[in-house]
file query-v9.cif (mmCIF, C-alpha atoms)
data_final
#
loop_
_atom_site.label_atom_id
_atom_site.label_comp_id
_atom_site.auth_asym_id
_atom_site.auth_seq_id
_atom_site.Cartn_x
_atom_site.Cartn_y
_atom_site.Cartn_z
CA MET A 1 5.16 51.76 -5.61
CA LYS A 2 3.55 53.97 -8.26
CA GLN A 3 4.43 51.48 -10.97
CA THR A 4 3.00 48.65 -8.89
CA THR A 5 -0.25 50.59 -8.43
CA LEU A 6 -0.55 51.23 -12.17
CA PHE A 7 0.16 47.57 -12.88
CA CYS A 8 -2.55 46.40 -10.48
CA LYS A 9 -5.05 48.83 -12.05
CA GLY A 10 -4.29 47.41 -15.47
CA LEU A 11 -4.60 43.91 -14.07
CA ALA A 12 -8.05 44.68 -12.68
CA ALA A 13 -9.24 45.53 -16.19
CA ASN A 14 -8.26 42.07 -17.45
CA SER A 15 -10.87 39.40 -16.71
CA SER A 16 -9.27 36.61 -18.75
CA ILE A 17 -6.41 35.80 -16.34
CA GLN A 18 -6.84 32.32 -14.89
CA ARG A 19 -3.67 31.91 -12.80
CA LEU A 20 -1.99 34.37 -10.44
CA TYR A 21 1.28 33.90 -8.52
CA VAL A 22 2.18 36.29 -5.71
CA TYR A 23 5.76 35.72 -4.54
CA ALA A 24 7.65 37.36 -1.62
CA SER A 25 5.74 40.58 -1.80
CA GLY A 26 7.19 43.24 0.49
CA GLY A 27 4.20 45.61 0.43
CA ASN A 28 0.46 45.25 0.77
CA ILE A 29 -0.05 43.85 -2.68
CA PHE A 30 -3.41 42.31 -1.75
CA SER A 31 -4.99 45.71 -1.09
CA LEU A 32 -3.96 46.79 -4.60
CA LEU A 33 -5.21 43.51 -6.09
CA ASN A 34 -8.57 43.65 -4.36
CA PRO A 35 -10.42 45.09 -7.42
CA PHE A 36 -8.87 42.37 -9.60
CA PHE A 37 -10.12 39.60 -7.30
CA LYS A 38 -13.62 41.05 -7.25
CA GLN A 39 -13.94 41.61 -11.00
CA ASN A 40 -12.27 38.47 -12.41
CA PRO A 41 -14.71 35.53 -12.61
CA ASN A 42 -12.17 33.29 -14.38
CA LEU A 43 -9.33 33.15 -11.85
CA SER A 44 -9.00 29.48 -10.92
CA HIS A 45 -5.41 29.21 -9.57
CA LEU A 46 -3.95 31.35 -6.79
CA VAL A 47 -0.45 30.84 -5.36
CA ILE A 48 0.79 32.90 -2.39
CA ASP A 49 4.45 32.11 -1.80
CA GLU A 50 6.68 33.33 1.07
CA CYS A 51 4.81 36.58 1.72
CA HIS A 52 6.17 36.89 5.23
CA GLY A 53 4.78 40.37 5.96
CA TYR A 54 1.24 39.02 5.87
CA TYR A 55 0.41 40.06 9.46
CA GLN A 56 0.54 43.73 8.43
CA TRP A 57 -2.27 43.30 5.90
CA TRP A 58 -4.07 40.21 7.16
CA ASP A 59 -7.58 41.51 6.44
CA ASP A 60 -6.68 42.16 2.80
CA LEU A 61 -5.31 38.64 2.42
CA ILE A 62 -8.55 37.17 3.81
CA SER A 63 -10.53 39.47 1.50
CA ALA A 64 -8.63 38.14 -1.50
CA LEU A 65 -9.57 34.56 -0.60
CA ARG A 66 -13.16 35.64 0.00
CA ASP A 67 -13.85 37.89 -2.99
CA CYS A 68 -12.62 35.62 -5.77
CA VAL A 69 -15.29 32.89 -5.80
CA SER A 70 -14.03 30.85 -8.76
CA LEU A 71 -10.88 29.34 -7.22
CA LYS A 72 -10.18 25.66 -7.86
CA TYR A 73 -6.53 25.58 -6.78
CA VAL A 74 -5.07 27.47 -3.81
CA LYS A 75 -1.48 27.24 -2.57
CA VAL A 76 -0.25 29.10 0.51
CA ASN A 77 3.43 28.21 0.73
CA CYS A 78 6.06 28.71 3.44
CA MET A 79 4.42 31.59 5.31
CA GLU A 80 4.67 30.03 8.79
CA LEU A 81 0.98 30.68 9.44
CA MET A 82 -0.01 29.48 12.91
CA GLY A 83 -3.08 27.63 14.15
CA TYR A 84 -5.52 30.51 14.59
CA GLU A 85 -4.41 32.16 11.33
CA SER A 86 -4.75 28.88 9.46
CA GLY A 87 -8.20 28.46 10.98
CA ASP A 88 -9.27 31.84 9.50
CA ILE A 89 -8.02 30.82 6.04
CA PHE A 90 -9.68 27.39 6.11
CA GLN A 91 -13.03 28.80 7.26
CA THR A 92 -12.88 31.49 4.55
CA LEU A 93 -12.21 28.87 1.89
CA ARG A 94 -14.99 26.67 3.26
CA ILE A 95 -17.60 29.43 3.05
CA HIS A 96 -16.57 31.27 -0.11
CA GLN A 97 -14.83 28.72 -2.38
CA PRO A 98 -17.33 25.96 -3.24
CA GLN A 99 -15.36 24.99 -6.37
CA LEU A 100 -12.07 24.35 -4.54
CA GLU A 101 -10.45 21.08 -5.67
CA VAL A 102 -6.81 21.35 -4.55
CA LEU A 103 -5.41 22.96 -1.39
CA GLU A 104 -1.64 23.12 -0.92
CA TYR A 105 -0.58 24.41 2.50
CA PRO A 106 3.07 23.37 3.00
CA GLY A 107 5.66 25.06 5.17
CA ASN A 108 3.33 26.66 7.71
CA SER A 109 2.89 26.16 11.47
CA LEU A 110 -0.55 24.67 11.75
CA ASN A 111 0.27 23.06 15.10
CA ARG A 112 1.50 26.28 16.80
CA LYS A 113 -0.63 28.71 18.85
CA SER A 114 -4.25 27.59 19.03
CA CYS A 115 -3.66 24.56 16.85
CA GLY A 116 -7.21 23.47 17.72
CA GLU A 117 -8.60 26.34 15.63
CA GLY A 118 -6.49 25.31 12.65
CA VAL A 119 -7.40 21.63 12.94
CA GLU A 120 -11.08 22.45 13.45
CA GLY A 121 -11.08 24.79 10.46
CA LEU A 122 -9.43 22.19 8.25
CA THR A 123 -11.85 19.49 9.43
CA ASP A 124 -14.82 21.73 8.66
CA LEU A 125 -13.42 22.53 5.21
CA LEU A 126 -12.93 18.85 4.38
CA ARG A 127 -16.36 17.93 5.71
CA ASP A 128 -18.30 20.60 3.81
CA SER A 129 -16.36 20.72 0.54
CA ASP A 130 -17.88 18.60 -2.22
CA ARG A 131 -15.01 18.95 -4.70
CA LEU A 132 -11.82 19.09 -2.63
CA HIS A 133 -9.81 15.96 -3.52
CA THR A 134 -6.16 16.92 -2.94
CA LEU A 135 -4.63 18.23 0.29
CA ASN A 136 -0.97 19.05 1.02
CA ILE A 137 -0.21 19.92 4.67
CA SER A 138 3.43 18.83 4.62
CA ASN A 139 5.96 20.42 6.99
CA ASN A 140 3.38 21.93 9.33
CA GLY A 141 4.53 20.53 12.68
CA ILE A 142 1.51 18.24 12.75
CA VAL A 143 1.47 15.51 15.40
CA GLY A 144 -0.68 12.42 15.76
CA GLU A 145 -3.29 14.12 17.94
CA SER A 146 -4.12 16.57 15.14
CA LEU A 147 -4.95 13.71 12.79
CA GLN A 148 -7.02 11.81 15.32
CA ARG A 149 -9.29 14.78 16.06
CA GLY A 150 -10.99 14.98 12.69
CA LEU A 151 -10.05 11.88 10.73
CA LEU A 152 -13.39 11.00 9.15
CA PRO A 153 -13.49 13.79 6.48
CA TYR A 154 -10.05 12.74 5.19
CA ARG A 155 -11.55 9.65 3.57
CA LYS A 156 -13.11 11.90 0.89
CA LEU A 157 -9.65 12.84 -0.41
CA ARG A 158 -7.91 11.13 -3.32
CA CYS A 159 -4.46 12.61 -2.57
CA LEU A 160 -2.98 13.46 0.86
CA ASP A 161 0.53 14.75 1.55
CA ILE A 162 1.55 14.95 5.22
CA SER A 163 5.28 14.56 4.70
CA TRP A 164 7.80 16.02 7.14
CA ASN A 165 5.42 15.92 10.10
CA ASN A 166 6.47 14.02 13.22
CA LEU A 167 3.35 11.87 13.47
CA SER A 168 4.72 9.67 16.26
CA VAL A 169 6.25 12.30 18.55
CA ASN A 170 3.69 12.08 21.38
CA ASP A 171 1.22 9.68 22.95
CA PHE A 172 -1.19 10.06 20.04
CA ASP A 173 0.08 7.91 17.19
CA GLY A 174 -0.69 9.50 13.84
CA TYR A 175 0.11 6.28 12.01
CA GLN A 176 -2.53 4.44 13.99
CA ALA A 177 -5.02 7.07 12.81
CA LEU A 178 -3.83 6.62 9.22
CA ALA A 179 -4.17 2.85 9.54
CA THR A 180 -7.78 3.32 10.63
CA LEU A 181 -8.34 5.59 7.63
CA LEU A 182 -6.85 3.09 5.16
CA GLU A 183 -8.96 0.24 6.56
CA ASP A 184 -12.16 2.24 6.15
CA PRO A 185 -14.12 0.76 3.21
CA LYS A 186 -15.25 4.31 2.31
CA CYS A 187 -11.66 5.57 2.01
CA ASN A 188 -10.96 7.08 -1.45
CA LEU A 189 -7.22 7.76 -1.07
CA GLU A 190 -5.20 6.95 -4.19
CA GLU A 191 -1.98 8.78 -3.25
CA LEU A 192 -0.44 9.08 0.23
CA TYR A 193 2.85 10.90 0.85
CA LEU A 194 4.61 10.27 4.18
CA LYS A 195 8.16 11.33 3.39
CA GLY A 196 10.27 11.97 6.49
CA SER A 197 7.40 11.38 8.93
CA ASN A 198 9.25 9.21 11.47
CA ILE A 199 7.29 5.99 10.97
CA LEU A 200 9.92 4.07 12.96
CA GLY A 201 10.06 6.52 15.88
CA GLU A 202 8.94 5.54 19.38
CA THR A 203 6.13 7.22 21.33
CA ARG A 204 6.19 8.00 25.04
CA THR A 205 3.93 5.00 25.58
CA GLY A 206 6.81 2.75 24.50
CA ARG A 207 5.23 1.58 21.26
CA THR A 208 8.06 0.60 18.93
CA GLY A 209 8.49 1.60 15.33
CA GLY A 210 8.33 -2.05 14.28
CA GLU A 211 4.89 -2.43 15.89
CA ARG A 212 3.68 0.73 14.19
CA LEU A 213 4.98 -0.37 10.82
CA ASN A 214 3.34 -3.78 11.23
CA ASP A 215 -0.06 -2.20 12.00
CA PHE A 216 0.31 0.16 9.06
CA ALA A 217 1.21 -2.74 6.74
CA THR A 218 -1.82 -4.71 7.97
CA ALA A 219 -4.05 -1.76 7.10
CA MET A 220 -2.47 -1.60 3.65
CA THR A 221 -3.46 -5.24 3.07
CA LYS A 222 -7.11 -4.33 3.61
CA ASN A 223 -7.01 -1.17 1.49
CA ARG A 224 -8.29 -1.38 -2.09
CA THR A 225 -7.87 2.19 -3.37
CA LEU A 226 -4.28 3.36 -2.76
CA ARG A 227 -2.08 3.46 -5.88
CA THR A 228 0.96 5.46 -4.68
CA LEU A 229 2.69 5.40 -1.27
CA ASP A 230 5.74 7.58 -0.55
CA LEU A 231 7.84 6.41 2.42
CA GLY A 232 11.07 8.16 1.51
CA ASP A 233 13.39 9.40 4.25
CA ASN A 234 11.95 6.99 6.82
CA SER A 235 15.00 4.67 6.97
CA ILE A 236 12.98 1.48 6.59
CA ASN A 237 15.18 -1.58 7.00
CA ALA A 238 15.06 -5.04 5.41
CA ALA A 239 12.58 -6.35 7.99
CA GLY A 240 10.26 -3.46 7.19
CA TRP A 241 10.35 -4.17 3.48
CA THR A 242 9.55 -7.82 4.21
CA LEU A 243 6.31 -6.63 5.79
CA PHE A 244 5.43 -4.74 2.62
CA SER A 245 6.35 -7.76 0.52
CA ASP A 246 3.73 -9.74 2.45
CA VAL A 247 1.26 -6.88 1.97
CA LEU A 248 1.57 -7.21 -1.80
CA CYS A 249 1.70 -11.00 -1.88
CA ASN A 250 1.54 -13.20 1.21
CA THR A 251 2.68 -16.46 -0.36
CA SER A 252 1.93 -18.65 2.68
CA SER A 253 -1.37 -19.90 1.24
CA ILE A 254 -3.75 -19.46 -1.69
CA ASN A 255 -6.26 -17.57 0.45
CA ASN A 256 -3.59 -15.23 1.81
CA ILE A 257 -2.41 -14.41 -1.71
CA PHE A 258 -5.98 -13.73 -2.79
CA ASN A 259 -6.49 -11.38 0.19
CA SER A 260 -3.23 -9.49 -0.43
CA ASN A 261 -3.05 -5.97 -1.86
CA HIS A 262 -3.40 -5.96 -5.65
CA THR A 263 -3.87 -2.20 -6.18
CA LEU A 264 -0.67 -0.50 -4.91
CA ARG A 265 1.44 0.36 -7.97
CA GLN A 266 4.14 2.73 -6.77
CA LEU A 267 6.19 2.57 -3.58
CA VAL A 268 8.55 5.56 -3.42
CA THR A 269 11.76 5.33 -1.39
CA ALA A 270 13.61 8.43 -2.60
CA GLU A 271 15.65 10.26 0.03
CA GLU A 272 16.89 13.84 0.10
CA VAL A 273 20.64 14.40 0.19
CA THR A 274 22.61 17.63 0.18
CA ILE A 275 25.40 17.91 -2.40
CA ASN A 276 27.42 21.15 -2.54
CA GLY A 277 24.69 22.97 -0.67
CA GLU A 278 21.93 21.80 -3.05
CA THR A 279 19.13 19.44 -2.04
CA ARG A 280 18.77 16.54 -4.44
CA PHE A 281 16.76 13.36 -4.46
CA HIS A 282 18.66 10.11 -4.23
CA LEU A 283 16.98 6.79 -5.02
CA ARG A 284 18.31 4.36 -2.47
CA ASP A 285 18.70 0.80 -3.62
CA THR A 286 16.63 -0.58 -0.73
CA LEU A 287 13.46 -1.70 -2.48
CA PRO A 288 13.73 -5.49 -2.93
CA GLU A 289 13.38 -6.82 -6.45
CA ILE A 290 10.45 -9.03 -5.45
CA ILE A 291 8.46 -5.96 -4.35
CA GLU A 292 9.16 -4.31 -7.69
CA GLN A 293 7.80 -7.42 -9.44
CA TYR A 294 4.61 -7.28 -7.37
CA LEU A 295 4.16 -3.58 -8.14
CA ILE A 296 4.51 -4.29 -11.85
CA LEU A 297 1.84 -6.99 -11.63
CA ASN A 298 -0.46 -4.56 -9.83
CA GLN A 299 -0.41 -2.24 -12.87
CA ASN A 300 -3.23 -4.39 -14.25
CA ASP A 301 -6.65 -2.88 -13.49
CA ASP A 302 -8.27 -6.31 -13.06
CA GLU A 303 -7.58 -7.20 -9.40
CA LYS A 304 -8.97 -10.73 -9.78
CA LYS A 305 -6.64 -11.38 -12.68
CA VAL A 306 -3.66 -10.08 -10.67
CA ALA A 307 -4.62 -12.34 -7.76
CA ALA A 308 -4.90 -15.35 -10.10
CA ILE A 309 -1.48 -14.63 -11.60
CA LYS A 310 0.15 -14.40 -8.16
CA ILE A 311 -1.54 -17.65 -7.07
CA MET A 312 -0.35 -19.44 -10.20
CA GLN A 313 3.17 -18.16 -9.62
CA TYR A 314 3.58 -19.06 -5.97
CA GLN A 315 0.98 -21.72 -5.15
CA ARG A 316 0.73 -23.60 -8.44
CA HIS A 317 1.89 -26.85 -6.77
CA ASN A 318 -0.96 -26.67 -4.24
CA ILE A 319 -3.78 -26.11 -6.72
CA ALA A 320 -6.03 -29.21 -6.60
CA MET A 321 -8.32 -29.92 -9.54
CA HIS A 322 -10.58 -32.51 -7.90
CA PRO A 323 -12.92 -29.92 -6.27
CA PHE A 324 -13.89 -28.91 -9.83
CA PHE A 325 -14.74 -32.44 -10.97
CA GLU A 326 -18.40 -31.98 -10.06
CA TRP A 327 -18.56 -29.52 -12.95
CA GLU A 328 -17.14 -32.26 -15.16
CA LEU A 329 -15.05 -31.00 -18.06
CA LYS A 330 -16.75 -27.59 -18.22
CA CYS A 331 -14.17 -26.12 -15.81
CA LEU A 332 -11.10 -27.42 -17.65
CA PRO A 333 -10.97 -24.58 -20.25
CA ILE A 334 -11.28 -22.04 -17.41
CA ALA A 335 -8.40 -23.64 -15.50
CA VAL A 336 -6.24 -23.70 -18.63
CA HIS A 337 -7.05 -20.02 -19.19
CA TRP A 338 -5.83 -19.23 -15.65
CA PHE A 339 -2.48 -20.84 -16.38
CA ASP A 340 -2.16 -19.08 -19.75
CA ASN A 341 -2.78 -15.69 -18.09
CA ALA A 342 -0.10 -16.42 -15.50
CA VAL A 343 2.40 -17.42 -18.18
CA ASP A 344 1.96 -14.07 -19.97
CA HIS A 345 3.00 -12.12 -16.83
CA SER A 346 5.46 -14.40 -15.06
CA VAL A 347 9.14 -15.24 -15.06
CA PHE A 348 8.25 -18.84 -14.16
CA ARG A 349 6.97 -19.73 -17.62
CA LYS A 350 8.34 -23.25 -17.80
CA GLU A 351 7.11 -24.17 -14.31
CA ILE A 352 3.60 -22.82 -14.98
CA GLU A 353 3.35 -24.66 -18.31
CA THR A 354 4.28 -27.85 -16.47
CA SER A 355 1.60 -27.16 -13.86
CA LYS A 356 -0.94 -26.61 -16.62
CA LEU A 357 -0.19 -30.02 -18.12
CA GLN A 358 -0.43 -31.51 -14.63
CA ALA A 359 -3.89 -29.96 -14.19
CA ILE A 360 -5.08 -31.38 -17.52
CA TYR A 361 -3.70 -34.78 -16.51
CA GLU A 362 -5.60 -34.63 -13.18
CA PHE A 363 -8.85 -33.92 -15.03
CA VAL A 364 -8.34 -36.82 -17.41
CA ARG A 365 -7.26 -39.18 -14.61
CA GLY A 366 -10.12 -38.09 -12.35
CA MET A 367 -12.78 -38.37 -15.03
CA PRO A 368 -11.58 -41.00 -17.54
CA VAL A 369 -15.09 -41.96 -18.65
CA GLU A 370 -16.19 -38.37 -19.21
CA SER A 371 -12.99 -37.67 -21.10
CA ALA A 372 -13.41 -40.74 -23.30
CA ASP A 373 -17.08 -40.02 -23.86
CA GLY A 374 -16.21 -36.50 -24.79
CA TYR A 375 -13.60 -37.65 -27.27
CA PHE A 376 -15.64 -40.45 -28.86
CA GLY A 377 -18.80 -38.35 -28.75
CA ARG A 378 -17.12 -35.67 -30.86
CA LYS A 379 -15.73 -38.38 -33.16
CA ASN A 380 -19.16 -39.99 -33.61
CA LYS A 381 -20.74 -36.61 -34.33
CA LYS A 382 -18.16 -35.98 -37.04
CA GLU A 383 -18.85 -39.41 -38.59
CA GLU A 384 -22.61 -38.81 -38.46
CA GLY A 385 -22.10 -35.44 -40.05
CA SER A 386 -20.05 -37.03 -42.84
CA LYS A 387 -22.76 -39.65 -43.43
CA LYS A 388 -25.44 -36.96 -43.59
CA SER A 389 -23.34 -35.02 -46.10
CA ILE A 390 -22.96 -38.12 -48.31
CA THR A 391 -26.68 -38.88 -48.05
CA ASN A 392 -27.63 -35.32 -48.95
CA PHE A 393 -25.24 -35.44 -51.88
CA GLU A 394 -26.84 -38.68 -53.13
CA VAL A 395 -30.32 -37.20 -52.77
CA ARG A 396 -29.34 -34.07 -54.71
CA GLU A 397 -27.70 -36.25 -57.40
CA LYS A 398 -30.88 -38.39 -57.89
CA THR A 399 -33.07 -35.27 -57.94
CA SER A 400 -30.95 -33.58 -60.54
CA SER A 401 -30.93 -36.71 -62.74
#
call {"tool": "encode", "arguments": {"input": "query-v9.cif", "output": "structure tokens"}}
result
Amino acid sequence: MKQTTLFCKGLAANSSIQRLYVYASGGNIFSLLNPFFKQNPNLSHLVIDECHGYYQWWDDLISALRDCVSLKYVKVNCMELMGYESGDIFQTLRIHQPQLEVLEYPGNSLNRKSCGEGVEGLTDLLRDSDRLHTLNISNNGIVGESLQRGLLPYRKLRCLDISWNNLSVNDFDGYQALATLLEDPKCNLEELYLKGSNILGETRTGRTGGERLNDFATAMTKNRTLRTLDLGDNSINAAGWTLFSDVLCNTSSINNIFNSNHTLRQLVTAEEVTINGETRFHLRDTLPEIIEQYLILNQNDDEKKVAAIKIMQYQRHNIAMHPFFEWELKCLPIAVHWFDNAVDHSVFRKEIETSKLQAIYEFVRGMPVESADGYFGRKNKKEEGSKKSITNFEVREKTSS
């Protein structure tokens, strides 16, 4: 203990430390670190991991989160903190950590004992924080009701991890709340992690997993911000993946393709398996190849270009050129450019090239006079230009002589 005290005194004299990790501390380390937290204006990362004796020195833990006002990243991991305790932490962070950007809170018990205080504290923190963009509340026993209570502030986040929470265990369906969030035009989510969150489970109201998955997929179609979605350890079957295939490219019509999701780039299906007592991630071969192709197409930042490529791939036979005839031949180069873009990103190169020739043929057949005038007009201009060149040459020759 004496050595620990001397170490903490030396630490307090150092104001250049930016990251501090406190792991499985058996004593009241936070009381000894209190001068360090107060005197270090540069500490930006604080990780508190598996400090299970926290209840003996709770006030000192809260003081640590209060006194260090420069924190940008806070992780409180696997401490089994309950609802009222979590509420204290969230309110402390809300009031005293205006620079907070990332909060990781996995492996606690947010939904136990006065879960309302924890949910309310988290909602207040999300509402009042201007910089918080990443939240990890995985493995906290969260149910759908907790999400529905304060959903609106979640739309400010760019990354949300609520894996290993049984979101469909009761009458309040957490996935319905998430679907509402994803459909919100003000939603900023770019990454959503739902590993092992029972998306196919049934609620007491009798709502089936297939219905829930369908509603969630519909919301994904309307979302324009999400880049990464983790659905690992949810045992999604072939019918479920068909829904997500339609989310990324509903090939039933040109309009449905255009209104599909062109922003999702990564769909994670990794599952945890235990081998010789060790937990490892196993990539199941369940993601259909067609979905992988869509995800690759969505890597392009230009959504309109992605939509055009998908249309050219799957509805090229139904693209009619006659609606563009009123623009005469001005639209033909644009149409040709569409086909060329699709060829660069498609496995159907030969078919798209054939469709391009068909489109050119429709223009020429639909506007034969304009096509002929265009051809002979250019030819006549060239001949006139040649005559002018000859005339100018003759004039220069007579002038020089």
call {"tool": "closest_residue", "arguments": {"input": "query-v9.cif", "among": "A:Leu6, A:Val119, A:Ile360, A:Ile89", "to": "Gly144 of chain A", "atoms": "all atoms listed in the file"}}
result
A:Val119
call {"tool": "residues_near_point", "arguments": {"input": "query-v9.cif", "point": "(0.9, -3.2, 4.4)", "cutoff": "9 Å", "atoms": "only C-alpha atoms", "output": "MDAnalysis selection string"}}
result
chainID A and resid 213:223 243:248 260:261
call {"tool": "resolve_selection", "arguments": {"input": "query-v9.cif", "expression": "the PyMOL selection byres ((chain A and resi 97) around 9)", "output": "MDAnalysis selection string"}}
result
chainID A and resid 65:66 68:72 92:96 98:100 129
call {"tool": "atom_distance", "arguments": {"input": "query-v9.cif", "atom1": "atom CA of Leu231 of chain A", "atom2": "atom CA of Leu297 of chain A"}}
result
20.3 Å
call {"tool": "residues_around", "arguments": {"input": "query-v9.cif", "residues": "Arg19 of chain A", "least_positions_apart": "2", "cutoff": "6 Å", "atoms": "all atoms listed in the file", "output": "list in words"}}
result
Ile17, Leu43 and His45 of chain A
call {"tool": "write_last_selection", "arguments": {"input": "query-v9.cif", "atoms": "C-alpha atoms", "output": "CSV table (one decimal), in the coordinates of the input"}}
result
chain,number,residue,atom,x,y,z
A,17,ILE,CA,-6.4,35.8,-16.3
A,43,LEU,CA,-9.3,33.2,-11.8
A,45,HIS,CA,-5.4,29.2,-9.6
call {"tool": "closest_residue", "arguments": {"input": "query-v9.cif", "among": "A:Ser109, A:Gln315, A:Gln358, A:Asn77", "to": "Val22 of chain A", "atoms": "only C-alpha atoms"}}
result
A:Asn77
call {"tool": "closest_residue", "arguments": {"input": "query-v9.cif", "among": "A:Glu120, A:Asp302, A:Glu351, A:Glu145", "to": "Tyr84 of chain A", "atoms": "all atoms listed in the file"}}
result
A:Glu120
call {"tool": "atom_distance", "arguments": {"input": "query-v9.cif", "atom1": "atom CA of Pro288 of chain A", "atom2": "atom CA of Ala238 of chain A"}}
result
8.5 Å
call {"tool": "closest_residue", "arguments": {"input": "query-v9.cif", "among": "A:Glu101, A:Asp161, A:Asp67, A:Glu292", "to": "Asn34 of chain A", "atoms": "all atoms listed in the file"}}
result
A:Asp67
call {"tool": "closest_residue", "arguments": {"input": "query-v9.cif", "among": "A:Arg131, A:Thr123, A:Lys2, A:Asn42", "to": "Ser15 of chain A", "atoms": "all atoms listed in the file"}}
result
A:Asn42
call {"tool": "residues_around", "arguments": {"input": "query-v9.cif", "residues": "Lys310 of chain A", "least_positions_apart": "4", "cutoff": "9 Å", "atoms": "all atoms listed in the file", "output": "list in words"}}
result
Cys249, Thr251, Ile257, Phe258, Tyr294, Leu297, Lys305, Val306, Tyr314, Gln315, Ala342 and Ser346 of chain A
call {"tool": "resolve_selection", "arguments": {"input": "query-v9.cif", "expression": "the PyMOL selection byres ((chain A and resi 33) around 10)", "output": "MDAnalysis selection string"}}
result
chainID A and resid 5 7:9 11:12 28:32 34:38 60:61 64
call {"tool": "resolve_selection", "arguments": {"input": "query-v9.cif", "expression": "the PyMOL selection byres ((chain A and resi 155) around 8)", "output": "list in words"}}
result
Leu151, Leu152, Pro153, Tyr154, Lys156, Leu157, Arg158, Leu181, Asp184, Lys186, Cys187, Asn188 and Leu189 of chain A
call {"tool": "closest_residue", "arguments": {"input": "query-v9.cif", "among": "A:Asn139, A:Pro106, A:Gly150, A:Thr208", "to": "Leu125 of chain A", "atoms": "all atoms listed in the file"}}
result
A:Gly150
call {"tool": "atom_distance", "arguments": {"input": "query-v9.cif", "atom1": "atom CA of Gln91 of chain A", "atom2": "atom CA of Trp58 of chain A"}}
result
14.5 Å
call {"tool": "residues_around", "arguments": {"input": "query-v9.cif", "residues": "Tyr23 of chain A", "least_positions_apart": "6", "cutoff": "8 Å", "atoms": "all atoms listed in the file", "output": "mmCIF file with C-alpha atoms, in the frame of the given file"}}
result
data_model
loop_
_atom_site.group_PDB
_atom_site.id
_atom_site.type_symbol
_atom_site.label_atom_id
_atom_site.label_comp_id
_atom_site.auth_asym_id
_atom_site.auth_seq_id
_atom_site.Cartn_x
_atom_site.Cartn_y
_atom_site.Cartn_z
ATOM 1 C CA VAL A 47 -0.450 30.840 -5.360
ATOM 2 C CA ILE A 48 0.790 32.900 -2.390
ATOM 3 C CA ASP A 49 4.450 32.110 -1.800
ATOM 4 C CA GLU A 50 6.680 33.330 1.070
ATOM 5 C CA CYS A 51 4.810 36.580 1.720
#
call {"tool": "residues_around", "arguments": {"input": "query-v9.cif", "residues": "Glu303 of chain A", "least_positions_apart": "4", "cutoff": "8 Å", "atoms": "all atoms listed in the file", "output": "PyMOL selection string"}}
result
chain A and resi 262-263+298+307
